[in-house]
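Shown next: entry-v8.txt, given as compact mmCIF, C-alpha atoms and all ligand atoms.
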```
# COMPACT_ATOMS: atom_id res chain seq x y z
CA MET S 1274 88.18 92.52 96.43
CA LYS S 1275 90.97 90.19 95.27
CA ILE S 1276 94.41 91.66 94.66
CA LEU S 1277 97.41 90.00 93.09
CA VAL S 1278 100.79 91.27 94.29
CA ILE S 1279 103.71 90.80 91.92
CA ASN S 1280 107.42 91.21 92.63
CA THR S 1281 109.70 90.48 89.68
CA GLY S 1282 113.46 90.06 89.62
CA SER S 1283 115.62 89.54 86.55
CA SER S 1284 114.93 85.78 86.52
CA SER S 1285 112.25 85.39 89.17
CA LEU S 1286 108.65 86.31 89.89
CA LYS S 1287 107.06 86.19 93.34
CA TYR S 1288 103.31 86.50 93.75
CA GLN S 1289 100.60 86.57 96.37
CA LEU S 1290 96.86 86.59 95.83
CA LEU S 1291 95.00 88.28 98.69
CA GLU S 1292 91.32 88.56 99.54
CA MET S 1293 91.12 92.06 100.98
CA GLU S 1294 88.05 91.34 103.04
CA GLY S 1295 89.75 90.16 106.23
CA GLU S 1296 93.12 90.52 104.44
CA LYS S 1297 93.44 86.78 103.82
CA LEU S 1298 96.26 85.22 101.80
CA LEU S 1299 94.72 82.88 99.22
CA SER S 1300 97.87 81.65 97.53
CA LYS S 1301 101.52 82.55 97.06
CA GLY S 1302 104.42 81.32 95.01
CA LEU S 1303 107.75 81.86 93.32
CA VAL S 1304 108.80 81.25 89.72
CA GLU S 1305 112.58 80.88 89.46
CA ARG S 1306 115.21 80.70 86.71
CA ILE S 1307 112.93 82.35 84.15
CA GLY S 1308 114.57 82.19 80.71
CA SER S 1309 117.18 79.59 81.61
CA GLU S 1310 117.33 75.83 81.98
CA GLY S 1311 115.65 74.26 84.98
CA SER S 1312 112.94 76.88 85.58
CA SER S 1313 110.75 75.90 88.50
CA VAL S 1314 107.58 76.98 90.27
CA THR S 1315 107.08 76.72 94.03
CA TYR S 1316 103.62 77.57 95.32
CA THR S 1317 101.38 77.29 98.32
CA ILE S 1318 97.66 76.76 98.02
CA ARG S 1319 95.49 76.10 101.09
CA GLY S 1320 98.58 75.85 103.25
CA GLU S 1321 100.11 73.09 101.14
CA LYS S 1322 103.48 73.66 99.47
CA ASN S 1323 104.21 72.21 96.01
CA LYS S 1324 107.01 72.49 93.47
CA PHE S 1325 107.37 71.52 89.82
CA GLN S 1326 109.79 72.11 86.94
CA LYS S 1327 108.68 73.62 83.64
CA ASP S 1328 110.38 75.58 80.87
CA ILE S 1329 109.46 79.22 81.35
CA LEU S 1330 110.87 81.43 78.64
CA ASN S 1331 110.01 84.91 79.86
CA HIS S 1332 108.00 86.94 82.39
CA THR S 1333 104.81 86.75 80.28
CA ASP S 1334 105.04 82.95 80.36
CA ALA S 1335 105.59 83.13 84.12
CA ILE S 1336 102.42 85.20 84.62
CA LYS S 1337 100.47 82.74 82.47
CA VAL S 1338 101.70 79.85 84.64
CA VAL S 1339 100.67 81.73 87.77
CA PHE S 1340 97.15 82.17 86.38
CA GLU S 1341 96.93 78.51 85.38
CA LEU S 1342 97.75 77.60 88.98
CA LEU S 1343 95.34 80.10 90.50
CA THR S 1344 92.47 78.98 88.25
CA ASP S 1345 93.25 75.25 88.22
CA PRO S 1346 89.83 73.50 88.18
CA GLU S 1347 90.87 71.08 90.95
CA ASN S 1348 93.20 72.99 93.23
CA GLY S 1349 92.81 76.62 92.17
CA VAL S 1350 91.54 79.39 94.45
CA ILE S 1351 89.62 81.35 91.78
CA LYS S 1352 87.44 80.24 88.86
CA SER S 1353 88.64 82.78 86.32
CA ILE S 1354 91.25 85.52 86.06
CA LYS S 1355 88.32 87.97 85.87
CA GLU S 1356 88.05 87.56 89.64
CA VAL S 1357 91.32 89.47 90.07
CA ASP S 1358 90.24 93.08 90.70
CA ALA S 1359 93.67 94.66 90.54
CA VAL S 1360 97.40 93.98 90.50
CA GLY S 1361 99.93 95.67 92.77
CA HIS S 1362 103.53 95.75 91.56
CA ARG S 1363 106.61 96.23 93.69
CA VAL S 1364 108.99 98.60 91.91
CA VAL S 1365 112.38 99.43 93.38
CA HIS S 1366 113.16 102.94 92.17
CA ALA S 1367 110.88 105.85 91.38
CA GLY S 1368 113.58 108.53 91.72
CA GLU S 1369 112.00 111.86 92.67
CA ARG S 1370 108.96 111.16 90.50
CA TYR S 1371 106.65 109.51 93.03
CA SER S 1372 106.35 109.98 96.77
CA GLY S 1373 103.50 107.49 97.01
CA SER S 1374 101.93 104.59 95.14
CA VAL S 1375 100.26 105.34 91.79
CA LEU S 1376 97.89 103.87 89.25
CA ILE S 1377 100.00 102.53 86.38
CA THR S 1378 99.50 104.31 83.06
CA ASP S 1379 101.71 104.55 79.97
CA ASP S 1380 103.21 107.74 81.44
CA VAL S 1381 104.09 105.93 84.66
CA VAL S 1382 105.77 103.09 82.73
CA ASN S 1383 107.78 105.70 80.79
CA ALA S 1384 108.76 107.47 84.01
CA LEU S 1385 109.90 104.18 85.56
CA GLU S 1386 111.92 103.39 82.45
CA GLU S 1387 113.67 106.73 82.93
CA CYS S 1388 114.34 105.73 86.56
CA SER S 1389 116.15 102.56 85.37
CA PHE S 1390 119.20 104.82 85.23
CA PHE S 1391 119.15 104.78 89.06
CA ALA S 1392 118.55 101.04 89.47
CA PRO S 1393 119.77 99.27 86.34
CA LEU S 1394 119.57 95.82 87.97
CA HIS S 1395 116.15 96.21 89.56
CA ASN S 1396 113.84 98.50 87.58
CA PRO S 1397 114.07 96.75 84.17
CA PRO S 1398 112.79 93.40 85.58
CA ASN S 1399 110.10 95.24 87.57
CA ILE S 1400 108.97 96.92 84.33
CA LYS S 1401 109.05 93.55 82.54
CA GLY S 1402 106.64 92.26 85.20
CA ILE S 1403 104.29 95.20 84.61
CA LYS S 1404 104.38 94.76 80.84
CA ALA S 1405 103.79 90.99 81.14
CA CYS S 1406 100.70 91.63 83.28
CA LEU S 1407 99.46 94.30 80.85
CA GLU S 1408 99.73 91.69 78.09
CA VAL S 1409 97.89 88.96 79.98
CA LEU S 1410 95.43 91.19 81.87
CA PRO S 1411 94.86 94.27 79.69
CA GLU S 1412 91.60 95.22 81.43
CA VAL S 1413 92.77 94.94 85.03
CA PRO S 1414 93.95 98.12 86.81
CA MET S 1415 97.50 98.04 88.14
CA VAL S 1416 99.26 100.01 90.85
CA GLY S 1417 102.97 100.65 91.33
CA VAL S 1418 104.35 100.65 94.89
CA PHE S 1419 107.89 101.96 95.17
CA ASP S 1420 110.68 101.10 97.60
CA THR S 1421 111.96 104.66 97.47
CA ALA S 1422 108.62 106.48 97.90
CA PHE S 1423 108.38 106.45 101.72
CA HIS S 1424 111.72 108.27 102.00
CA GLN S 1425 110.72 111.15 99.71
CA THR S 1426 109.80 113.10 102.88
CA MET S 1427 113.47 113.39 103.90
CA PRO S 1428 114.61 117.01 104.09
CA ASP S 1429 117.16 118.14 101.49
CA TYR S 1430 119.94 118.55 104.07
CA ALA S 1431 119.50 114.83 104.86
CA TYR S 1432 119.34 113.52 101.32
CA MET S 1433 121.96 115.66 99.56
CA TYR S 1434 125.57 114.52 99.15
CA ALA S 1435 128.26 117.16 99.46
CA LEU S 1436 129.27 116.75 95.81
CA PRO S 1437 129.10 119.65 93.31
CA TYR S 1438 125.44 120.75 93.22
CA GLU S 1439 125.43 120.47 89.42
CA LEU S 1440 125.64 116.67 89.72
CA TYR S 1441 122.35 116.72 91.58
CA GLU S 1442 120.83 119.06 88.98
CA LYS S 1443 122.12 117.00 86.06
CA TYR S 1444 121.65 113.43 87.30
CA ARG S 1445 119.58 113.69 90.49
CA ILE S 1446 122.46 112.16 92.43
CA ARG S 1447 121.27 112.11 96.08
CA ARG S 1448 120.23 109.71 98.81
CA TYR S 1449 116.96 107.90 98.03
CA GLY S 1450 116.80 105.06 100.54
CA PHE S 1451 115.10 101.69 100.03
CA HIS S 1452 112.98 99.10 101.89
CA GLY S 1453 110.44 101.96 102.13
CA THR S 1454 107.39 99.69 102.00
CA SER S 1455 108.75 97.64 104.90
CA HIS S 1456 109.75 100.67 107.00
CA ARG S 1457 106.31 102.18 106.35
CA TYR S 1458 104.48 98.97 107.30
CA VAL S 1459 106.34 98.28 110.55
CA SER S 1460 106.35 101.93 111.62
CA GLN S 1461 102.55 102.07 111.15
CA VAL S 1462 102.17 98.97 113.31
CA ALA S 1463 104.46 100.56 115.92
CA VAL S 1464 102.43 103.80 115.89
CA ASP S 1465 99.30 101.71 116.54
CA LEU S 1466 101.01 99.81 119.36
CA LEU S 1467 102.26 103.04 120.94
CA GLY S 1468 98.79 104.51 120.58
CA LYS S 1469 100.10 107.97 119.73
CA LYS S 1470 100.48 109.72 116.43
CA ASN S 1471 103.30 112.04 117.44
CA SER S 1472 106.03 109.53 117.81
CA LYS S 1473 109.76 109.03 117.37
CA ILE S 1474 110.53 105.62 116.00
CA ILE S 1475 113.62 103.89 114.62
CA THR S 1476 112.89 100.91 112.36
CA CYS S 1477 115.66 98.39 111.68
CA HIS S 1478 115.02 96.26 108.58
CA LEU S 1479 117.75 93.66 109.02
CA GLY S 1480 117.72 91.07 106.25
CA ASN S 1481 120.36 90.08 103.75
CA GLY S 1482 119.93 93.69 102.62
CA ALA S 1483 119.62 95.93 105.67
CA SER S 1484 118.66 99.50 106.45
CA VAL S 1485 117.61 101.72 109.35
CA CYS S 1486 115.02 104.48 109.17
CA ALA S 1487 114.17 107.40 111.45
CA VAL S 1488 110.40 107.92 111.45
CA LYS S 1489 108.95 111.05 112.99
CA ASP S 1490 105.16 111.39 113.31
CA GLY S 1491 104.74 108.63 110.75
CA ILE S 1492 107.08 109.97 108.06
CA SER S 1493 110.63 109.04 107.10
CA VAL S 1494 113.13 111.77 108.02
CA ASP S 1495 116.32 109.84 107.35
CA THR S 1496 117.47 106.41 106.28
CA SER S 1497 120.76 104.59 106.00
CA MET S 1498 120.82 103.41 102.37
CA GLY S 1499 121.90 105.95 99.81
CA HIS S 1500 121.62 106.65 96.11
CA THR S 1501 121.84 102.85 95.77
CA PRO S 1502 121.20 100.03 98.26
CA THR S 1503 124.96 99.60 98.78
CA GLY S 1504 125.24 102.36 101.38
CA GLY S 1505 124.63 102.41 105.14
CA LEU S 1506 124.73 99.32 107.33
CA ILE S 1507 127.07 96.39 106.77
CA MET S 1508 124.97 93.73 104.99
CA GLY S 1509 125.13 90.08 103.96
CA THR S 1510 127.38 90.74 100.97
CA ARG S 1511 127.35 94.58 100.71
CA CYS S 1512 129.92 96.79 102.35
CA GLY S 1513 127.62 99.64 103.42
CA ASP S 1514 129.30 103.02 104.00
CA ILE S 1515 133.00 103.15 103.14
CA ASP S 1516 135.48 105.93 102.48
CA PRO S 1517 134.62 106.90 98.86
CA ALA S 1518 138.28 107.54 98.04
CA LEU S 1519 138.91 103.80 98.40
CA ILE S 1520 137.33 103.28 95.00
CA PRO S 1521 140.07 104.91 92.89
CA ILE S 1522 142.66 103.35 95.21
CA LEU S 1523 141.23 99.88 94.51
CA GLU S 1524 141.16 100.71 90.83
CA ASN S 1525 144.91 101.39 90.96
CA VAL S 1526 146.22 98.70 93.25
CA GLU S 1527 144.10 95.81 92.01
CA HIS S 1528 143.74 97.06 88.40
CA LEU S 1529 139.97 96.76 88.55
CA THR S 1530 137.22 98.30 86.44
CA ALA S 1531 134.30 100.21 87.96
CA LYS S 1532 132.08 97.19 87.29
CA GLN S 1533 134.47 94.85 89.11
CA ILE S 1534 134.67 97.16 92.11
CA ASP S 1535 130.88 97.42 92.14
CA ASP S 1536 130.73 93.60 92.16
CA ILE S 1537 133.13 93.42 95.10
CA MET S 1538 131.18 96.03 97.08
CA ASN S 1539 127.81 94.37 96.45
CA LYS S 1540 128.49 90.64 96.21
CA LYS S 1541 131.76 89.88 97.98
CA SER S 1542 131.83 92.29 100.91
CA GLY S 1543 129.83 92.71 104.10
CA MET S 1544 129.47 89.73 106.47
CA LEU S 1545 130.68 87.32 103.77
CA GLY S 1546 133.70 89.41 102.84
CA VAL S 1547 134.90 90.01 106.40
CA SER S 1548 134.20 86.52 107.77
CA GLY S 1549 135.21 84.58 104.65
CA ILE S 1550 132.53 82.09 105.77
CA SER S 1551 128.98 83.14 104.93
CA ASN S 1552 126.53 86.00 104.60
CA ASP S 1553 124.03 84.13 106.79
CA PHE S 1554 123.88 85.11 110.47
CA ARG S 1555 123.04 81.54 111.50
CA ASP S 1556 126.34 80.27 110.03
CA LEU S 1557 128.25 83.20 111.49
CA GLU S 1558 126.86 82.71 114.99
CA ASP S 1559 127.68 78.99 114.83
CA ALA S 1560 131.23 79.88 113.76
CA LEU S 1561 131.48 82.49 116.53
CA HIS S 1562 130.45 79.93 119.14
CA ASN S 1563 133.11 77.62 117.73
CA GLY S 1564 135.73 80.30 118.29
CA ASN S 1565 136.08 81.67 114.74
CA ARG S 1566 137.83 85.05 115.00
CA ARG S 1567 136.66 86.54 111.69
CA ALA S 1568 133.03 85.57 112.23
CA LYS S 1569 133.26 87.34 115.61
CA LEU S 1570 134.79 90.41 113.97
CA ALA S 1571 132.08 90.56 111.27
CA LEU S 1572 129.29 90.31 113.85
CA GLU S 1573 130.92 92.93 116.06
CA MET S 1574 131.29 95.26 113.08
CA PHE S 1575 127.62 94.77 112.14
CA ASP S 1576 126.43 95.46 115.70
CA TYR S 1577 128.68 98.50 116.05
CA ARG S 1578 127.50 100.08 112.78
CA LEU S 1579 123.85 99.41 113.67
CA LYS S 1580 124.31 101.02 117.06
CA LYS S 1581 125.92 104.10 115.49
CA PHE S 1582 122.83 104.59 113.32
CA ILE S 1583 120.50 104.09 116.29
CA GLY S 1584 122.49 106.75 118.15
CA GLU S 1585 122.48 109.19 115.25
CA TYR S 1586 118.77 108.81 114.63
CA THR S 1587 117.87 109.12 118.33
CA ILE S 1588 119.62 112.48 118.28
CA ILE S 1589 118.01 113.75 115.09
CA LEU S 1590 114.59 112.60 116.29
CA GLY S 1591 115.20 114.37 119.62
CA GLY S 1592 114.41 111.22 121.62
CA LEU S 1593 112.99 107.78 121.05
CA ASP S 1594 109.60 106.16 121.73
CA ALA S 1595 110.17 102.85 119.99
CA LEU S 1596 112.91 100.75 118.44
CA VAL S 1597 111.59 98.21 115.93
CA PHE S 1598 113.29 95.08 114.56
CA THR S 1599 112.11 93.40 111.37
CA ALA S 1600 113.14 91.13 108.40
CA GLY S 1601 115.14 87.86 108.55
CA ILE S 1602 117.69 88.90 111.20
CA GLY S 1603 115.53 91.45 113.03
CA GLU S 1604 112.67 88.98 113.43
CA ASN S 1605 114.66 85.84 114.18
CA ASP S 1606 117.96 86.70 115.81
CA PRO S 1607 117.82 87.51 119.55
CA GLU S 1608 121.62 87.94 119.71
CA THR S 1609 121.65 90.84 117.24
CA ARG S 1610 118.69 92.50 119.01
CA TYR S 1611 120.45 92.07 122.36
CA GLU S 1612 123.69 93.61 121.06
CA ALA S 1613 121.79 96.55 119.53
CA CYS S 1614 120.01 97.30 122.83
CA LYS S 1615 122.92 96.61 125.18
CA GLY S 1616 124.11 99.72 127.01
CA LEU S 1617 121.14 101.86 125.94
CA GLU S 1618 119.70 101.96 129.49
CA PHE S 1619 120.84 105.61 129.70
CA LEU S 1620 118.11 106.33 127.11
CA GLY S 1621 115.53 104.63 129.32
CA LEU S 1622 115.61 101.50 127.15
CA TYR S 1623 115.40 98.26 129.12
CA LEU S 1624 115.30 95.03 127.13
CA ASP S 1625 113.40 92.07 128.57
CA GLU S 1626 116.24 89.63 127.93
CA GLU S 1627 114.20 86.50 128.61
CA LYS S 1628 111.39 87.57 126.31
CA ASN S 1629 113.90 88.62 123.65
CA SER S 1630 115.53 85.18 123.63
CA SER S 1631 112.20 83.45 123.09
CA ILE S 1632 110.87 85.57 120.19
CA LYS S 1633 111.33 84.38 116.62
CA GLY S 1634 109.25 85.61 113.72
CA GLU S 1635 106.29 86.90 115.72
CA LEU S 1636 104.94 90.27 116.80
CA ALA S 1637 106.10 91.04 120.33
CA GLU S 1638 107.05 93.79 122.75
CA ILE S 1639 110.46 92.76 124.07
CA SER S 1640 111.18 95.68 126.44
CA LEU S 1641 110.47 95.58 130.18
CA PRO S 1642 107.25 97.27 131.34
CA GLU S 1643 109.25 100.12 132.97
CA SER S 1644 111.20 100.81 129.73
CA LYS S 1645 110.53 104.35 128.46
CA VAL S 1646 111.59 103.24 124.98
CA LYS S 1647 109.49 100.33 123.73
CA VAL S 1648 111.30 97.64 121.77
CA TYR S 1649 109.20 95.69 119.28
CA VAL S 1650 109.72 92.75 116.95
CA ILE S 1651 107.32 93.33 114.05
CA PRO S 1652 107.31 90.83 111.17
CA THR S 1653 107.31 92.83 107.98
CA ASN S 1654 104.63 92.32 105.34
CA GLU S 1655 105.47 94.29 102.20
CA GLU S 1656 102.96 92.32 100.11
CA LEU S 1657 100.10 93.29 102.40
CA MET S 1658 101.17 96.94 102.25
CA ILE S 1659 101.27 96.76 98.43
CA ALA S 1660 97.79 95.16 98.40
CA ARG S 1661 96.42 97.82 100.78
CA ASP S 1662 97.80 100.64 98.62
CA THR S 1663 96.40 99.00 95.50
CA LYS S 1664 92.95 98.65 97.06
CA GLU S 1665 92.96 102.27 98.25
CA ILE S 1666 93.97 103.62 94.83
CA ILE S 1667 91.46 101.47 92.95
CA GLU S 1668 88.65 102.49 95.31
CA SER S 1669 89.52 106.17 95.07
CA LYS S 1670 89.63 105.86 91.27
CA LYS S 1671 86.13 104.38 91.33
CA LYS S 1672 84.91 107.25 93.55
CA LYS S 1673 86.59 109.73 91.25
CA ASN S 1674 84.94 108.18 88.24
CA LYS S 1675 81.56 108.59 89.93
CA SER S 1676 82.02 112.18 91.14
CA GLY S 1677 84.55 113.40 88.58
CA PHE S 1678 86.84 114.48 91.43
CA GLU S 1679 89.86 112.89 93.08
CA VAL S 1680 89.24 111.79 96.63
CA GLY S 1681 90.56 114.51 98.90
CA GLU S 1682 90.43 117.06 96.07
CA LEU S 1683 88.49 120.23 96.91
CA GLN S 1684 85.20 120.53 95.07
CA GLU S 1685 84.28 124.09 94.23
CA ALA S 1686 80.80 125.20 95.25
P1 LIG I 1701 116.31 89.33 102.03
O1 LIG I 1701 114.82 89.48 101.84
O2 LIG I 1701 117.05 90.63 102.07
O3 LIG I 1701 116.96 88.29 101.17
P2 LIG I 1701 115.60 88.24 104.64
O4 LIG I 1701 114.84 89.33 105.27
O5 LIG I 1701 114.85 87.02 104.19
O6 LIG I 1701 116.55 88.76 103.49
O7 LIG I 1701 116.73 87.76 105.67
C1 LIG I 1701 117.59 86.70 105.37
C2 LIG I 1701 118.69 86.65 106.43
O8 LIG I 1701 118.10 86.54 107.73
C3 LIG I 1701 119.58 85.41 106.32
O9 LIG I 1701 120.64 85.64 105.42
C4 LIG I 1701 120.09 85.26 107.74
O10 LIG I 1701 121.25 86.06 107.91
C5 LIG I 1701 118.99 85.86 108.60
N1 LIG I 1701 118.22 84.86 109.36
C6 LIG I 1701 117.15 84.15 108.97
N2 LIG I 1701 116.73 83.33 109.95
C7 LIG I 1701 117.56 83.51 110.99
C8 LIG I 1701 117.69 82.96 112.32
N3 LIG I 1701 116.84 82.05 112.75
N4 LIG I 1701 118.69 83.41 113.10
C9 LIG I 1701 119.55 84.34 112.66
N5 LIG I 1701 119.50 84.91 111.44
C10 LIG I 1701 118.53 84.50 110.63
```

This entry written out as structure tokens:
Amino acid sequence: MKILVINTGSSSLKYQLLEMEGEKLLSKGLVERIGSEGSSVTYTIRGEKNKFQKDILNHTDAIKVVFELLTDPENGVIKSIKEVDAVGHRVVHAGERYSGSVLITDDVVNALEECSFFAPLHNPPNIKGIKACLEVLPEVPMVGVFDTAFHQTMPDYAYMYALPYELYEKYRIRRYGFHGTSHRYVSQVAVDLLGKKNSKIITCHLGNGASVCAVKDGISVDTSMGHTPTGGLIMGTRCGDIDPALIPILENVEHLTAKQIDDIMNKKSGMLGVSGISNDFRDLEDALHNGNRRAKLALEMFDYRLKKFIGEYTIILGGLDALVFTAGIGENDPETRYEACKGLEFLGLYLDEEKNSSIKGELAEISLPESKVKVYVIPTNEELMIARDTKEIIESKKKKNKSGFEVGELQEA
């Protein structure tokens, strides 16, 4: 079974084509600057990376270009688009509508359009990607996989804000959490590595956007991002948690609109805002080693906030079996992992410092053998998770079509 995974942004489209037998990546690529001058396509086929420029007016054009590349008579990996069995779409926000991945129907598209209220920057381009695929591939089944879905298992006392309850009733204002597909993927790998189902795991997805998740017996019980991805940890350019009363204060002293404050909190804050140098940890660590005071402060603030979440989640989980690091920083930055683990020996967590320093971007156990709490680096793979969900849903649909029942649905005698 061949599955195409699509992830659309407002002006970009990322794709991967996977052969599910053996879970092999056949091709991947990125279309950038859709709808503006200088659109380009970067793609990898048979391990070789290529790039070219081409005017790409909209997401439908982008999908057509992707199919031309995939079916290119000389270099393509498939003969015809009919070989694509299904498409899996990454969608950021599904509100309270979906707690798992679903087959895309008109109703689902309508529901996601309603959810654009929660994620006005992310959902509309995701929906554009779905509609573009429906136009080009009307016969191919499609599945939506949502960033918020994994966290729908959080209890109400964890996801509610202490605002008037009517605001929740009227607008569904609450914590949703994001990076769910990544937290789900790495926590499943950790459960397999631990070899026990009943487990207490903290997953740290540390990329330019960053979040922490408490996973108990395989389900999310709390996570650091909030109603939007701005909350929680300090991030590349996002502030994470701040005192909410600062917003009207900023409005007054700097004479800013809500939109301008939102811009500051999302694009000019975090590591970039504090350091004044960069959002990238590589630049910040270079600056730190060259004695830059504000880079040092930003890194210390990041580590401190991360540690607070690890502490909180260890308490709510009632212990800890594994601490997992993933995404750009989590996979590649030994210094951040070291700082997060430092001083946690009282929990029975002993980092193998030598191993930690040598691991970049690969699956590894980086705790000492005697450590009660295992520490893992697990490269995330959201595309694979999306493809797996898509395959499962398509196969269960086929079974349902044959028997007339959903898989797992009770059949009356
Ligand atoms: P996103 O998907 O949220 O854009 P990524 O997960 O790709 O982010 O992470 C990107 C970030 O990872 C970079 O901004 C940088 O801070 C960090 N990063 C990447 N490689 C390294 C490295 N070798 N050492 C330290 N940090 C790194």

Please check which protein, DNA or RNA residues sit within 10 Å of ligand LIG 1701 (chain I), counting all atoms listed in the file, and write them as a VMD selection string.
-> chain S and resid 1452 1478 to 1483 1508 to 1510 1544 1551 to 1559 1599 to 1609 1633 to 1634 1652 to 1653

If you count all atoms listed in the file, which residues fall within 7 Å of Ala1405 (chain S), apart from same-chain ones fewer than 3 positions away, as a PyMOL selection string?
-> chain S and resi 1332-1333+1336+1401-1402+1408-1409

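Comparing the minimum interatomic distances between Asp1594 (chain S) and each of S:Asp1625, S:Glu1292, S:Glu1310, S:Asp1490, counting all atoms listed in the file, we find that S:Asp1490 sits nearest.
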
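Our summary of the geometry notes that CA of Tyr1449 (chain S) is positioned 5.2 Å from CA of His1500 (chain S).
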
Sphere at (121.3, 104.3, 119.1), radius 12 Å, counting all atoms listed in the file: residues as a PyMOL selection string = chain S and resi 1474-1477+1485-1487+1576-1593+1595-1597+1612-1622+1646

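A straight line drawn from CA of Lys1355 (chain S) to CA of Arg1661 (chain S) is 19.6 Å long.
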
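Each of S:Ser1548, S:Asn1280, S:Ser1353, S:Thr1503 was compared to Arg1567 (chain S) using only C-alpha atoms, and S:Ser1548 turns out to be the nearest.
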
Your completed region 1625-1630 of chain S with all heavy atoms, as an mmCIF file, keeping the file's coordinate frame:
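And here is the file that came out, selection.cif:
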```cif
data_model
loop_
_atom_site.group_PDB
_atom_site.id
_atom_site.type_symbol
_atom_site.label_atom_id
_atom_site.label_comp_id
_atom_site.auth_asym_id
_atom_site.auth_seq_id
_atom_site.Cartn_x
_atom_site.Cartn_y
_atom_site.Cartn_z
ATOM 1 N N ASP S 1625 113.797 93.260 127.795
ATOM 2 C CA ASP S 1625 113.400 92.070 128.570
ATOM 3 C C ASP S 1625 114.175 90.912 127.951
ATOM 4 O O ASP S 1625 113.779 90.360 126.927
ATOM 5 C CB ASP S 1625 111.885 91.870 128.448
ATOM 6 C CG ASP S 1625 111.395 90.684 129.249
ATOM 7 O OD1 ASP S 1625 112.206 89.788 129.540
ATOM 8 O OD2 ASP S 1625 110.190 90.648 129.563
ATOM 9 N N GLU S 1626 115.308 90.574 128.577
ATOM 10 C CA GLU S 1626 116.240 89.630 127.930
ATOM 11 C C GLU S 1626 115.619 88.248 127.729
ATOM 12 O O GLU S 1626 115.863 87.587 126.722
ATOM 13 C CB GLU S 1626 117.529 89.521 128.731
ATOM 14 C CG GLU S 1626 118.352 90.790 128.615
ATOM 15 C CD GLU S 1626 119.654 90.722 129.384
ATOM 16 O OE1 GLU S 1626 120.226 89.622 129.529
ATOM 17 O OE2 GLU S 1626 120.099 91.789 129.861
ATOM 18 N N GLU S 1627 114.818 87.835 128.727
ATOM 19 C CA GLU S 1627 114.200 86.500 128.610
ATOM 20 C C GLU S 1627 113.216 86.464 127.448
ATOM 21 O O GLU S 1627 113.216 85.546 126.637
ATOM 22 C CB GLU S 1627 113.465 86.192 129.906
ATOM 23 C CG GLU S 1627 113.535 84.738 130.297
ATOM 24 C CD GLU S 1627 112.983 84.566 131.688
ATOM 25 O OE1 GLU S 1627 113.667 84.987 132.658
ATOM 26 O OE2 GLU S 1627 111.860 84.069 131.787
ATOM 27 N N LYS S 1628 112.392 87.509 127.385
ATOM 28 C CA LYS S 1628 111.390 87.570 126.310
ATOM 29 C C LYS S 1628 112.112 87.637 124.959
ATOM 30 O O LYS S 1628 111.743 86.936 124.015
ATOM 31 C CB LYS S 1628 110.533 88.831 126.532
ATOM 32 C CG LYS S 1628 109.393 89.020 125.573
ATOM 33 C CD LYS S 1628 108.068 88.639 126.192
ATOM 34 C CE LYS S 1628 106.921 88.659 125.211
ATOM 35 N NZ LYS S 1628 106.188 89.911 125.279
ATOM 36 N N ASN S 1629 113.153 88.476 124.896
ATOM 37 C CA ASN S 1629 113.900 88.620 123.650
ATOM 38 C C ASN S 1629 114.406 87.269 123.160
ATOM 39 O O ASN S 1629 114.271 86.945 121.981
ATOM 40 C CB ASN S 1629 115.072 89.595 123.846
ATOM 41 C CG ASN S 1629 115.935 89.723 122.603
ATOM 42 O OD1 ASN S 1629 115.421 89.853 121.490
ATOM 43 N ND2 ASN S 1629 117.246 89.644 122.771
ATOM 44 N N SER S 1630 114.954 86.460 124.082
ATOM 45 C CA SER S 1630 115.530 85.180 123.630
ATOM 46 C C SER S 1630 114.465 84.227 123.101
ATOM 47 O O SER S 1630 114.789 83.335 122.323
ATOM 48 C CB SER S 1630 116.274 84.413 124.733
ATOM 49 O OG SER S 1630 116.573 85.218 125.777
#
```
